[in-house]
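Visitor: One structure, pasted below without further comment.
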Amino acid sequence: MAFYSKGKFFGKINIIDLLVVLVIVAAIIGVSAKYMQSKSIAGVDSTKTIEISFYQEDAPAFAASAVKIGDTVKDAMQNNIVGKVSDVKIDKSVFFGVNDQGKFMASPREGYSSITITSEVKGIIKPGGGTTINNYEYFIGKQIELRAGSAVFWARVYDVKIKE
């Protein structure tokens, strides 16, 4: 029996079938290598604890008062856990509207509060900007649907820093 005869290896394996299998295996290896590479960034320590703060200027007061330290914080749009609440600051709401003189200005609104929620999570602050948490990127000013404990907010990323 010859190694290669009549377009077949060992008389049984067609050369076209072998090439298709090799292309599929190469594609799987390439995609796997790319996926594994995206999880780690060269020269950046991903084991740092990050403090990330979220801010909403005009949240219902009952929702703001429902957030407690230790609550899970989740980016609902990405289905990504972004830590546990480490600090909550509630203040007067900042509502933008037109006053009696027709001037656009900010003022507090009854029944509403501003809220800053800080959470702690493992992640990467990248040298060029942005923060990666569980393979999702966050930038200052990014608006997200934030769930903290039993409350939900339409908040912005306000601050990101490495916990000292």
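As shown in the structure tokens, the chain order sets the letters A, B, ...; within each chain, residues go from 1, and ligands are also counted from 1 in the order they appear.
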Using only C-alpha atoms, which residues sit within 7 Å of stretch 153-156 of chain A once same-chain residues fewer than 4 positions away are excluded, as an MDAnalysis selection string?

Guide: chainID A and resid 54:56 59 141:147

Visitor: Please run DSSP on the backbone and report, as JSON, numbers by chain, all residues within stretch 1-163 of chain A that come out as strand (DSSP E).

Guide: {"A": [4, 5, 8, 9, 13, 14, 49, 50, 51, 52, 53, 54, 55, 56, 57, 58, 59, 60, 72, 73, 74, 75, 80, 81, 82, 83, 84, 85, 86, 87, 88, 89, 90, 91, 92, 95, 96, 97, 98, 104, 105, 106, 107, 112, 113, 114, 115, 116, 117, 118, 119, 120, 121, 122, 124, 125, 131, 132, 133, 136, 137, 138, 143, 144, 145, 146, 147, 148, 151, 152, 153, 154, 155, 156, 157, 158, 159, 160, 161, 162]}

Visitor: Keeping only C-alpha atoms, write the selected residues to a file as a short mmCIF file (atom, residue, chain, number, x, y, z; two decimals), in the first residue's frame.

Guide:
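See selection.cif below for the written result:
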```
data_model
loop_
_atom_site.label_atom_id
_atom_site.label_comp_id
_atom_site.auth_asym_id
_atom_site.auth_seq_id
_atom_site.Cartn_x
_atom_site.Cartn_y
_atom_site.Cartn_z
CA TYR A 4 -0.34 8.59 -1.63
CA SER A 5 -2.22 7.06 -4.54
CA LYS A 8 -5.90 9.74 -1.49
CA PHE A 9 -3.57 9.25 1.48
CA ILE A 13 -8.30 9.94 3.04
CA ASN A 14 -9.15 12.36 0.22
CA THR A 49 -8.33 46.44 43.12
CA ILE A 50 -10.03 49.36 41.39
CA GLU A 51 -12.43 51.85 42.92
CA ILE A 52 -14.94 52.90 40.28
CA SER A 53 -17.54 55.59 41.03
CA PHE A 54 -20.87 56.08 39.28
CA TYR A 55 -22.97 59.27 39.46
CA GLN A 56 -26.59 60.10 38.74
CA GLU A 57 -27.67 63.68 39.30
CA ASP A 58 -31.44 63.15 39.52
CA ALA A 59 -32.49 59.77 40.95
CA PRO A 60 -35.68 59.02 42.88
CA THR A 72 -23.59 43.94 44.30
CA VAL A 73 -23.10 46.51 41.53
CA LYS A 74 -23.92 45.39 38.00
CA ASP A 75 -23.79 46.95 34.53
CA ASN A 80 -21.28 42.52 33.98
CA ILE A 81 -20.64 42.59 37.73
CA VAL A 82 -18.61 45.73 38.52
CA GLY A 83 -17.98 45.05 42.18
CA LYS A 84 -19.53 45.57 45.59
CA VAL A 85 -20.67 48.93 46.96
CA SER A 86 -17.90 50.37 49.16
CA ASP A 87 -19.33 53.90 49.54
CA VAL A 88 -22.58 55.75 48.87
CA LYS A 89 -22.99 59.54 48.88
CA ILE A 90 -26.46 61.04 48.60
CA ASP A 91 -26.93 64.79 48.07
CA LYS A 92 -29.47 67.24 46.62
CA PHE A 95 -32.30 69.03 37.86
CA PHE A 96 -31.88 71.19 34.77
CA GLY A 97 -34.87 73.28 33.73
CA VAL A 98 -36.13 76.72 32.80
CA PHE A 104 -31.94 77.50 31.80
CA MET A 105 -30.47 76.53 35.20
CA ALA A 106 -29.85 73.72 37.66
CA SER A 107 -31.89 73.35 40.83
CA TYR A 112 -35.11 63.24 44.09
CA SER A 113 -31.44 62.99 45.07
CA SER A 114 -28.07 62.88 43.40
CA ILE A 115 -26.13 59.73 44.20
CA THR A 116 -22.52 58.66 43.88
CA ILE A 117 -21.95 54.91 44.21
CA THR A 118 -18.38 53.67 44.60
CA SER A 119 -17.58 49.99 44.15
CA GLU A 120 -14.46 47.88 44.46
CA VAL A 121 -13.59 45.38 41.76
CA LYS A 122 -10.56 43.67 40.22
CA ILE A 124 -7.11 46.86 34.63
CA ILE A 125 -6.55 50.59 34.20
CA THR A 131 -10.59 50.56 32.37
CA THR A 132 -11.22 46.89 31.68
CA ILE A 133 -13.42 44.93 34.09
CA TYR A 136 -15.57 45.01 29.24
CA GLU A 137 -14.20 48.54 28.80
CA TYR A 138 -15.33 51.54 30.84
CA GLN A 143 -23.54 56.14 30.69
CA ILE A 144 -24.82 52.76 31.86
CA GLU A 145 -27.86 51.14 33.42
CA LEU A 146 -26.48 50.47 36.88
CA ARG A 147 -28.06 48.05 39.33
CA ALA A 148 -26.96 48.37 42.94
CA ALA A 151 -32.22 49.73 42.94
CA VAL A 152 -31.53 50.71 39.34
CA PHE A 153 -30.01 53.94 38.02
CA TRP A 154 -29.10 55.51 34.69
CA ALA A 155 -25.63 56.61 35.83
CA ARG A 156 -22.29 57.72 34.39
CA VAL A 157 -18.80 56.50 35.22
CA TYR A 158 -17.57 59.37 37.37
CA ASP A 159 -14.11 58.31 38.58
CA VAL A 160 -11.73 55.34 38.38
CA LYS A 161 -8.63 54.80 40.49
CA ILE A 162 -6.47 52.04 41.90
#
```

Visitor: With distances taken over only C-alpha atoms, which of A:Gly128, A:Ser93, A:Asp71, A:Ala33 is nearest to A:Arg109?

Guide: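 Under the stated criterion, the closest residue is A:Ser93.
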
Visitor: Restricting the calculation to only C-alpha atoms: of A:Lys34, A:Leu18, A:Lys126, A:Gly111, which residue gets closest to A:Phe139?

Guide: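 Among the listed residues, the smallest separation from A:Phe139 belongs to A:Lys126.
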
Visitor: Could you pull out the alpha helix (DSSP H) residues of chain A, going by DSSP on the backbone, and write them as an NGL selection string?

Guide: :A and (15-38 or 61-64)

Visitor: To one decimal place in Å, what is the distance between atom CA of A:Lys48 and atom CA of A:Gly130?

Guide: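 Separation of atom CA of A:Lys48 and atom CA of A:Gly130: 14.6 Å.
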
Visitor: Quick one: pull the distance between atom CA of A:Gly70 and atom CA of A:Gly123, Å, one decimal.

Guide: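 Distance reported for this atom pair: 18.2 Å.
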
Visitor: Just give me the gap between atom CA of A:Pro108 and atom CA of A:Val94 in Å, one decimal is fine.

Guide: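 Separating atom CA of A:Pro108 from atom CA of A:Val94 is a distance of 5.1 Å.
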